[in-house]
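Participant: Below you'll find run.txt; it's compact mmCIF, C-alpha atoms.
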# COMPACT_ATOMS: atom_id res chain seq x y z
CA MET E 1 31.68 150.45 -63.44
CA VAL E 2 28.19 149.64 -64.74
CA ARG E 3 26.99 148.26 -61.41
CA CYS E 4 28.44 151.19 -59.50
CA SER E 5 27.36 154.09 -61.74
CA VAL E 6 23.92 152.63 -62.72
CA PRO E 7 23.90 154.24 -66.19
CA GLU E 8 20.77 154.72 -68.29
CA VAL E 9 22.72 154.90 -71.58
CA VAL E 10 26.02 153.17 -72.29
CA ALA E 11 27.90 153.47 -75.58
CA GLU E 12 30.64 151.04 -76.51
CA ILE E 13 32.92 151.83 -79.45
CA GLY E 14 34.37 148.53 -80.64
CA SER E 15 32.90 145.22 -79.52
CA ALA E 16 34.88 142.67 -81.58
CA HIS E 17 33.95 139.26 -80.14
CA GLY E 18 31.64 140.82 -77.57
CA ARG E 19 33.38 140.11 -74.29
CA SER E 20 33.05 143.67 -73.00
CA THR E 21 29.58 143.82 -74.57
CA CYS E 22 28.46 140.86 -72.47
CA TYR E 23 29.98 142.21 -69.26
CA ILE E 24 28.32 145.61 -69.75
CA ALA E 25 24.97 144.02 -70.62
CA ALA E 26 25.20 141.73 -67.59
CA GLY E 27 25.77 144.78 -65.38
CA LEU E 28 22.72 146.50 -66.86
CA GLN E 29 20.67 143.35 -66.34
CA ARG E 30 21.74 143.18 -62.69
CA ASN E 31 20.87 146.86 -62.30
CA GLY E 32 17.47 146.24 -63.88
CA LYS E 33 17.79 149.32 -66.09
CA GLY E 34 19.78 150.89 -68.90
CA GLN E 35 20.64 150.13 -72.51
CA LEU E 36 23.96 149.47 -74.24
CA TYR E 37 24.52 150.84 -77.74
CA SER E 38 27.30 148.72 -79.19
CA ILE E 39 29.05 150.47 -82.08
CA ASP E 40 31.13 148.34 -84.43
CA PRO E 41 30.99 147.85 -88.22
CA HIS E 42 32.10 144.23 -87.67
CA THR E 43 34.26 144.36 -90.77
CA SER E 44 37.94 143.70 -91.28
CA THR E 45 40.10 146.65 -90.23
CA GLY E 46 43.72 147.23 -89.37
CA TRP E 47 42.79 146.91 -85.69
CA ASN E 48 41.06 143.52 -85.61
CA ASP E 49 42.63 141.14 -83.11
CA GLY E 50 43.72 138.40 -85.48
CA ASP E 51 40.15 137.63 -86.55
CA ARG E 52 39.99 139.16 -90.01
CA ASP E 53 38.11 136.18 -91.46
CA LEU E 54 35.64 135.84 -88.59
CA ASP E 55 32.16 137.36 -88.68
CA THR E 56 32.43 139.06 -85.30
CA PHE E 57 28.83 140.29 -85.46
CA GLU E 58 27.53 136.71 -85.37
CA ALA E 59 30.01 135.87 -82.60
CA VAL E 60 28.66 138.74 -80.46
CA ARG E 61 25.03 137.84 -81.13
CA LYS E 62 25.66 134.19 -80.27
CA ARG E 63 27.29 135.12 -76.95
CA LEU E 64 24.49 137.52 -76.02
CA ARG E 65 21.79 134.96 -76.87
CA ALA E 66 23.53 132.23 -74.90
CA LEU E 67 23.65 134.50 -71.84
CA ARG E 68 20.13 135.88 -72.45
CA LEU E 69 21.51 139.41 -72.58
CA ASP E 70 20.35 140.49 -76.04
CA PRO E 71 17.45 142.67 -74.76
CA TRP E 72 20.00 144.96 -73.09
CA VAL E 73 21.97 145.65 -76.29
CA THR E 74 21.22 147.67 -79.41
CA HIS E 75 23.74 147.02 -82.19
CA LEU E 76 24.84 149.97 -84.30
CA ARG E 77 26.68 148.25 -87.13
CA MET E 78 28.60 151.27 -88.36
CA GLU E 79 31.77 153.22 -87.73
CA SER E 80 31.85 155.40 -84.64
CA ARG E 81 32.02 158.68 -86.58
CA ALA E 82 28.73 157.81 -88.32
CA ALA E 83 27.14 156.75 -85.03
CA CYS E 84 28.20 159.99 -83.39
CA ALA E 85 26.92 162.13 -86.28
CA THR E 86 23.46 160.52 -86.08
CA TRP E 87 23.26 159.97 -82.30
CA SER E 88 19.63 160.12 -81.06
CA PHE E 89 19.63 157.82 -78.02
CA GLY E 90 19.88 160.40 -75.25
CA LYS E 91 22.80 161.50 -73.14
CA VAL E 92 25.53 158.90 -72.63
CA ASP E 93 26.34 158.12 -68.98
CA LEU E 94 29.21 155.69 -69.67
CA LEU E 95 31.33 155.54 -72.83
CA LEU E 96 33.89 152.84 -73.62
CA VAL E 97 36.36 153.78 -76.37
CA ASP E 98 38.02 150.66 -77.79
CA GLY E 99 37.58 150.83 -81.57
CA SER E 100 40.12 151.98 -84.13
CA HIS E 101 43.26 153.01 -82.24
CA THR E 102 44.69 155.53 -84.69
CA GLN E 103 45.24 158.93 -83.14
CA ALA E 104 42.78 160.58 -85.53
CA ASP E 105 40.02 158.06 -84.82
CA VAL E 106 40.45 158.10 -81.03
CA GLN E 107 40.44 161.91 -81.08
CA ALA E 108 37.28 161.86 -83.22
CA ASP E 109 35.60 159.50 -80.74
CA TRP E 110 36.40 161.84 -77.84
CA THR E 111 35.46 165.14 -79.50
CA GLY E 112 32.49 163.65 -81.31
CA PHE E 113 30.87 162.10 -78.25
CA LEU E 114 31.74 164.87 -75.77
CA PRO E 115 28.55 166.84 -76.56
CA HIS E 116 26.49 163.65 -76.14
CA LEU E 117 27.75 162.93 -72.60
CA SER E 118 25.60 163.49 -69.52
CA PRO E 119 26.97 165.84 -66.81
CA GLY E 120 28.19 162.93 -64.66
CA ALA E 121 29.44 160.72 -67.47
CA LEU E 122 32.62 158.70 -67.36
CA VAL E 123 34.69 157.81 -70.42
CA LEU E 124 36.79 154.64 -70.40
CA PHE E 125 39.73 154.37 -72.80
CA HIS E 126 41.25 150.93 -73.33
CA ASP E 127 44.93 150.38 -74.28
CA THR E 128 46.34 153.49 -72.62
CA MET E 129 49.49 151.75 -71.31
CA TRP E 130 50.66 150.85 -74.80
CA GLU E 131 53.92 152.77 -74.55
CA TYR E 132 54.93 150.60 -71.58
CA ARG E 133 54.45 147.39 -73.58
CA ARG E 134 57.01 147.91 -76.33
CA ASP E 135 58.42 144.42 -75.72
CA SER E 136 55.12 142.84 -76.80
CA PRO E 137 54.81 141.30 -80.29
CA TYR E 138 51.53 143.26 -80.57
CA TRP E 139 53.17 146.66 -80.08
CA ARG E 140 52.58 149.12 -82.92
CA GLU E 141 54.07 152.51 -83.64
CA ASP E 142 50.73 153.93 -84.83
CA GLN E 143 48.89 153.32 -81.54
CA GLY E 144 47.18 156.65 -80.83
CA VAL E 145 45.26 156.01 -77.59
CA PRO E 146 48.01 157.09 -75.14
CA ARG E 147 48.66 160.29 -77.11
CA VAL E 148 45.00 161.31 -77.17
CA VAL E 149 44.38 160.48 -73.51
CA GLN E 150 47.54 162.35 -72.46
CA ALA E 151 46.27 165.41 -74.38
CA ILE E 152 42.88 165.08 -72.64
CA GLN E 153 44.61 165.01 -69.25
CA ASP E 154 46.79 168.00 -70.23
CA ALA E 155 43.58 169.89 -71.11
CA GLY E 156 42.40 169.54 -67.50
CA TYR E 157 40.15 166.50 -67.55
CA PRO E 158 40.87 164.33 -64.49
CA ALA E 159 41.83 160.74 -65.25
CA VAL E 160 42.82 157.61 -63.39
CA THR E 161 44.69 154.80 -65.13
CA ILE E 162 44.51 151.17 -64.14
CA MET E 163 47.99 150.07 -65.11
CA SER E 164 47.51 146.34 -65.59
CA GLY E 165 47.50 144.64 -68.98
CA TRP E 166 47.25 147.19 -71.76
CA GLY E 167 45.77 149.82 -69.45
CA LEU E 168 42.35 151.31 -68.84
CA THR E 169 41.97 155.03 -68.19
CA ILE E 170 38.81 156.50 -66.66
CA VAL E 171 38.22 160.14 -67.60
CA GLN E 172 35.72 162.59 -66.11
CA ASN E 173 34.02 164.73 -68.75
CA CYS E 174 34.36 167.86 -66.62
CA ARG E 175 37.51 170.00 -66.74
CA GLY E 176 38.99 170.26 -63.28
CA GLY E 177 36.81 167.41 -62.00
CA PHE E 178 33.26 167.18 -60.74
CA PRO E 179 32.63 169.72 -57.97
CA LEU E 180 32.41 167.82 -54.71
CA LEU E 181 31.01 170.69 -52.68
CA GLY E 182 27.64 172.17 -53.61
CA GLY E 183 26.71 175.80 -53.44
CA ARG E 184 24.97 178.55 -55.31
CA ASP E 185 27.99 179.01 -57.59
CA ARG E 186 27.85 175.39 -58.79
CA SER E 187 25.85 174.89 -61.97
CA LEU E 188 26.68 171.24 -62.61
CA THR E 189 23.66 168.97 -62.45
CA SER E 190 24.16 166.29 -59.82
CA PRO E 191 25.65 163.14 -61.38
CA LEU E 192 24.49 161.05 -58.45
CA HIS E 193 21.83 158.40 -58.46
CA GLU E 194 19.83 157.07 -55.57
CA PRO E 195 22.00 154.54 -53.71
CA ARG E 196 20.94 150.91 -53.91
CA GLU E 197 19.97 149.20 -50.70
CA SER E 198 22.60 146.75 -49.51
Could you spell out this file's structure in structure tokens?
Facilitator:
Amino acid sequence: MVRCSVPEVVAEIGSAHGRSTCYIAAGLQRNGKGQLYSIDPHTSTGWNDGDRDLDTFEAVRKRLRALRLDPWVTHLRMESRAACATWSFGKVDLLLVDGSHTQADVQADWTGFLPHLSPGALVLFHDTMWEYRRDSPYWREDQGVPRVVQAIQDAGYPAVTIMSGWGLTIVQNCRGGFPLLGGRDRSLTSPLHEPRES
């Protein structure tokens, strides 16, 4: 997604051990442009993946240093609601939502960041196939991601779900979808970038 969309600003809500952080930063490095703002308080929460005693901030920093990717990442060591309320890093071209999975928090991430998204932005929601994984020992009743993303789809925002693992849903931030045909009646700023040479 990073290589294809060539974003200037990427926001990641929830980095944990930094695997997605490193992949995003590597994509930015390959693109030769862009900055990732990685939002995570790196404290114990009800949604940590079995690492409540681990300092995940140091784990992320160690990974980034080892891969020489730290210049591409700005850490915002806070909760996503606080990051959203004080956002001053420009319009977000790509947003990954993978922090607290309660319905209230996922909804707050969506509504809070919606005004900060660029016209061609994409929003990625992780763990959207949760309801289809009830046989897993990790399944939880209070998983709110599928509910929020279903409501977003019902409100007219186009979405595509990759149905492997726990699911990843890609949402356009434009009700009804980005207009594919130009014209005088289209006011949407072009989300396109100059294509890279092959």
Participant: Which is closest to Pro7 (chain E) among E:Leu94, E:Val149, E:Ile170, E:Cys22, if we use all atoms listed in the file?
Facilitator: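 So, comparing all the options, the nearest one is E:Leu94.
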Participant: Set the distance at 10 Å and use all atoms listed in the file: which residues neighbour Val9 (chain E) once local chain neighbours fewer than 2 positions away are removed? I'd like the list as a list in words.
Facilitator: Val6, Pro7, Ala11, Leu28, Lys33, Gly34, Gln35, Leu36, Tyr37, Phe89, Gly90, Lys91, Val92, Asp93, Leu94, Leu95, Leu117, Ser118 and Ala121 of chain E
Participant: What is the distance between CA of Arg63 (chain E) and CA of Thr169 (chain E), in Å to one decimal?
Facilitator: 26.2 Å
Participant: For a quick check of understanding, using only C-alpha atoms, which of E:Arg147, E:Arg65, E:His116, E:Arg140 has the smallest distance to Thr128 (chain E)?
Facilitator: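 Among the listed residues, E:Arg147 lies closest to Thr128 (chain E).
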Participant: Give, as lines of an AutoDock Vina configuration file, the centre coordinates and the x, y and z edge lengths in Å to one decimal for an axis-aligned box around all listed atoms of region 34-39 of chain E, padded by 5 Å on each side.
Facilitator:
center_x = 24.4
center_y = 149.8
center_z = -75.5
size_x = 19.3
size_y = 12.2
size_z = 23.2
Participant: Using only C-alpha atoms, which protein or nucleic acid residues come within 7 Å of region 38-44 of chain E? Drop anything in the same chain fewer than 2 positions from it, and give the result as a short mmCIF file (atom, residue, chain, number, x, y, z; two decimals) with C-alpha atoms, in the frame of the given file.
Facilitator:
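In the end it all went to around_21.cif:
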data_model
loop_
_atom_site.label_atom_id
_atom_site.label_comp_id
_atom_site.auth_asym_id
_atom_site.auth_seq_id
_atom_site.Cartn_x
_atom_site.Cartn_y
_atom_site.Cartn_z
CA ALA E 11 27.90 153.47 -75.58
CA GLU E 12 30.64 151.04 -76.51
CA ILE E 13 32.92 151.83 -79.45
CA GLY E 14 34.37 148.53 -80.64
CA SER E 15 32.90 145.22 -79.52
CA ALA E 16 34.88 142.67 -81.58
CA LEU E 36 23.96 149.47 -74.24
CA ASN E 48 41.06 143.52 -85.61
CA ARG E 52 39.99 139.16 -90.01
CA ASP E 55 32.16 137.36 -88.68
CA THR E 56 32.43 139.06 -85.30
CA PHE E 57 28.83 140.29 -85.46
CA VAL E 73 21.97 145.65 -76.29
CA THR E 74 21.22 147.67 -79.41
CA HIS E 75 23.74 147.02 -82.19
CA LEU E 76 24.84 149.97 -84.30
CA ARG E 77 26.68 148.25 -87.13
CA MET E 78 28.60 151.27 -88.36
CA GLU E 79 31.77 153.22 -87.73
CA SER E 80 31.85 155.40 -84.64
#
Participant: Using only C-alpha atoms, determine which residues lie at most 12 Å from Glu131 (chain E), disregarding the query and same-chain residues fewer than 5 positions distant; provide the list as a list in words.
Facilitator: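 Near Glu131 (chain E), the qualifying residues are Ser136, Tyr138, Trp139, Arg140, Glu141, Asp142, Gln143, Gly144, Val145, Pro146, Arg147, Gln150, Met163, Gly165, Trp166 and Gly167 of chain E.
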Participant: Record the distance separating CA of Gly176 (chain E) and CA of Ile24 (chain E), expressed in Å with one decimal.
Facilitator: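 Calculated distance between CA of Gly176 (chain E) and CA of Ile24 (chain E) is 27.6 Å.
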Participant: Between CA of Asn173 (chain E) and CA of Leu122 (chain E), what distance in Å does the model show, to one decimal?
Facilitator: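 Calculated distance between CA of Asn173 (chain E) and CA of Leu122 (chain E) is 6.3 Å.
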Participant: Since the input has fewer atoms than a full residue there, write region 97-108 of chain E out with all heavy atoms, as a PDB file, in the coordinates of the input.
Facilitator:
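See rebuild34.pdb below for the written result:
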ATOM      1  N   VAL E  97      35.698 153.542 -75.087  1.00  0.00           N
ATOM      2  CA  VAL E  97      36.360 153.780 -76.370  1.00  0.00           C
ATOM      3  C   VAL E  97      37.407 152.688 -76.575  1.00  0.00           C
ATOM      4  O   VAL E  97      38.429 152.652 -75.896  1.00  0.00           O
ATOM      5  CB  VAL E  97      37.029 155.183 -76.397  1.00  0.00           C
ATOM      6  CG1 VAL E  97      37.726 155.409 -77.729  1.00  0.00           C
ATOM      7  CG2 VAL E  97      35.999 156.267 -76.126  1.00  0.00           C
ATOM      8  N   ASP E  98      37.124 151.782 -77.516  1.00  0.00           N
ATOM      9  CA  ASP E  98      38.020 150.660 -77.790  1.00  0.00           C
ATOM     10  C   ASP E  98      37.856 150.190 -79.235  1.00  0.00           C
ATOM     11  O   ASP E  98      37.808 149.002 -79.522  1.00  0.00           O
ATOM     12  CB  ASP E  98      37.742 149.509 -76.806  1.00  0.00           C
ATOM     13  CG  ASP E  98      38.831 148.442 -76.827  1.00  0.00           C
ATOM     14  OD1 ASP E  98      39.955 148.751 -77.267  1.00  0.00           O
ATOM     15  OD2 ASP E  98      38.550 147.310 -76.412  1.00  0.00           O
ATOM     16  N   GLY E  99      37.747 151.158 -80.154  1.00  0.00           N
ATOM     17  CA  GLY E  99      37.580 150.830 -81.570  1.00  0.00           C
ATOM     18  C   GLY E  99      38.903 150.964 -82.301  1.00  0.00           C
ATOM     19  O   GLY E  99      39.925 150.444 -81.860  1.00  0.00           O
ATOM     20  N   SER E 100      38.885 151.702 -83.403  1.00  0.00           N
ATOM     21  CA  SER E 100      40.120 151.980 -84.130  1.00  0.00           C
ATOM     22  C   SER E 100      41.045 152.767 -83.199  1.00  0.00           C
ATOM     23  O   SER E 100      40.613 153.683 -82.501  1.00  0.00           O
ATOM     24  CB  SER E 100      39.841 152.806 -85.379  1.00  0.00           C
ATOM     25  OG  SER E 100      41.044 153.322 -85.920  1.00  0.00           O
ATOM     26  N   HIS E 101      42.330 152.397 -83.170  1.00  0.00           N
ATOM     27  CA  HIS E 101      43.260 153.010 -82.240  1.00  0.00           C
ATOM     28  C   HIS E 101      44.181 154.038 -82.879  1.00  0.00           C
ATOM     29  O   HIS E 101      45.160 154.445 -82.267  1.00  0.00           O
ATOM     30  CB  HIS E 101      44.107 151.920 -81.561  1.00  0.00           C
ATOM     31  CG  HIS E 101      43.358 151.137 -80.528  1.00  0.00           C
ATOM     32  ND1 HIS E 101      42.001 151.202 -80.384  1.00  0.00           N
ATOM     33  CD2 HIS E 101      43.798 150.265 -79.575  1.00  0.00           C
ATOM     34  CE1 HIS E 101      41.618 150.405 -79.398  1.00  0.00           C
ATOM     35  NE2 HIS E 101      42.698 149.824 -78.892  1.00  0.00           N
ATOM     36  N   THR E 102      43.882 154.461 -84.113  1.00  0.00           N
ATOM     37  CA  THR E 102      44.690 155.530 -84.690  1.00  0.00           C
ATOM     38  C   THR E 102      44.424 156.806 -83.906  1.00  0.00           C
ATOM     39  O   THR E 102      43.344 156.994 -83.340  1.00  0.00           O
ATOM     40  CB  THR E 102      44.370 155.777 -86.171  1.00  0.00           C
ATOM     41  OG1 THR E 102      43.042 156.305 -86.281  1.00  0.00           O
ATOM     42  CG2 THR E 102      44.495 154.512 -87.007  1.00  0.00           C
ATOM     43  N   GLN E 103      45.393 157.688 -83.887  1.00  0.00           N
ATOM     44  CA  GLN E 103      45.240 158.930 -83.140  1.00  0.00           C
ATOM     45  C   GLN E 103      44.050 159.732 -83.644  1.00  0.00           C
ATOM     46  O   GLN E 103      43.261 160.267 -82.850  1.00  0.00           O
ATOM     47  CB  GLN E 103      46.526 159.752 -83.226  1.00  0.00           C
ATOM     48  CG  GLN E 103      46.508 160.972 -82.334  1.00  0.00           C
ATOM     49  CD  GLN E 103      47.873 161.623 -82.208  1.00  0.00           C
ATOM     50  OE1 GLN E 103      48.894 161.053 -82.590  1.00  0.00           O
ATOM     51  NE2 GLN E 103      47.898 162.815 -81.665  1.00  0.00           N
ATOM     52  N   ALA E 104      43.887 159.808 -84.963  1.00  0.00           N
ATOM     53  CA  ALA E 104      42.780 160.580 -85.530  1.00  0.00           C
ATOM     54  C   ALA E 104      41.429 160.004 -85.132  1.00  0.00           C
ATOM     55  O   ALA E 104      40.494 160.743 -84.795  1.00  0.00           O
ATOM     56  CB  ALA E 104      42.903 160.629 -87.055  1.00  0.00           C
ATOM     57  N   ASP E 105      41.306 158.689 -85.149  1.00  0.00           N
ATOM     58  CA  ASP E 105      40.020 158.060 -84.820  1.00  0.00           C
ATOM     59  C   ASP E 105      39.696 158.166 -83.331  1.00  0.00           C
ATOM     60  O   ASP E 105      38.543 158.406 -82.953  1.00  0.00           O
ATOM     61  CB  ASP E 105      40.006 156.596 -85.269  1.00  0.00           C
ATOM     62  CG  ASP E 105      39.905 156.458 -86.781  1.00  0.00           C
ATOM     63  OD1 ASP E 105      39.483 157.420 -87.442  1.00  0.00           O
ATOM     64  OD2 ASP E 105      40.246 155.377 -87.298  1.00  0.00           O
ATOM     65  N   VAL E 106      40.688 157.983 -82.472  1.00  0.00           N
ATOM     66  CA  VAL E 106      40.450 158.100 -81.030  1.00  0.00           C
ATOM     67  C   VAL E 106      40.074 159.544 -80.693  1.00  0.00           C
ATOM     68  O   VAL E 106      39.153 159.790 -79.909  1.00  0.00           O
ATOM     69  CB  VAL E 106      41.677 157.642 -80.213  1.00  0.00           C
ATOM     70  CG1 VAL E 106      41.432 157.841 -78.728  1.00  0.00           C
ATOM     71  CG2 VAL E 106      41.997 156.186 -80.505  1.00  0.00           C
ATOM     72  N   GLN E 107      40.765 160.501 -81.307  1.00  0.00           N
ATOM     73  CA  GLN E 107      40.440 161.910 -81.080  1.00  0.00           C
ATOM     74  C   GLN E 107      39.024 162.216 -81.557  1.00  0.00           C
ATOM     75  O   GLN E 107      38.271 162.936 -80.889  1.00  0.00           O
ATOM     76  CB  GLN E 107      41.442 162.812 -81.824  1.00  0.00           C
ATOM     77  CG  GLN E 107      41.216 164.299 -81.600  1.00  0.00           C
ATOM     78  CD  GLN E 107      41.442 164.704 -80.160  1.00  0.00           C
ATOM     79  OE1 GLN E 107      42.430 164.316 -79.548  1.00  0.00           O
ATOM     80  NE2 GLN E 107      40.522 165.488 -79.608  1.00  0.00           N
ATOM     81  N   ALA E 108      38.631 161.645 -82.702  1.00  0.00           N
ATOM     82  CA  ALA E 108      37.280 161.860 -83.220  1.00  0.00           C
ATOM     83  C   ALA E 108      36.231 161.250 -82.282  1.00  0.00           C
ATOM     84  O   ALA E 108      35.150 161.827 -82.095  1.00  0.00           O
ATOM     85  CB  ALA E 108      37.152 161.259 -84.619  1.00  0.00           C
TER      86      ALA E 108
END
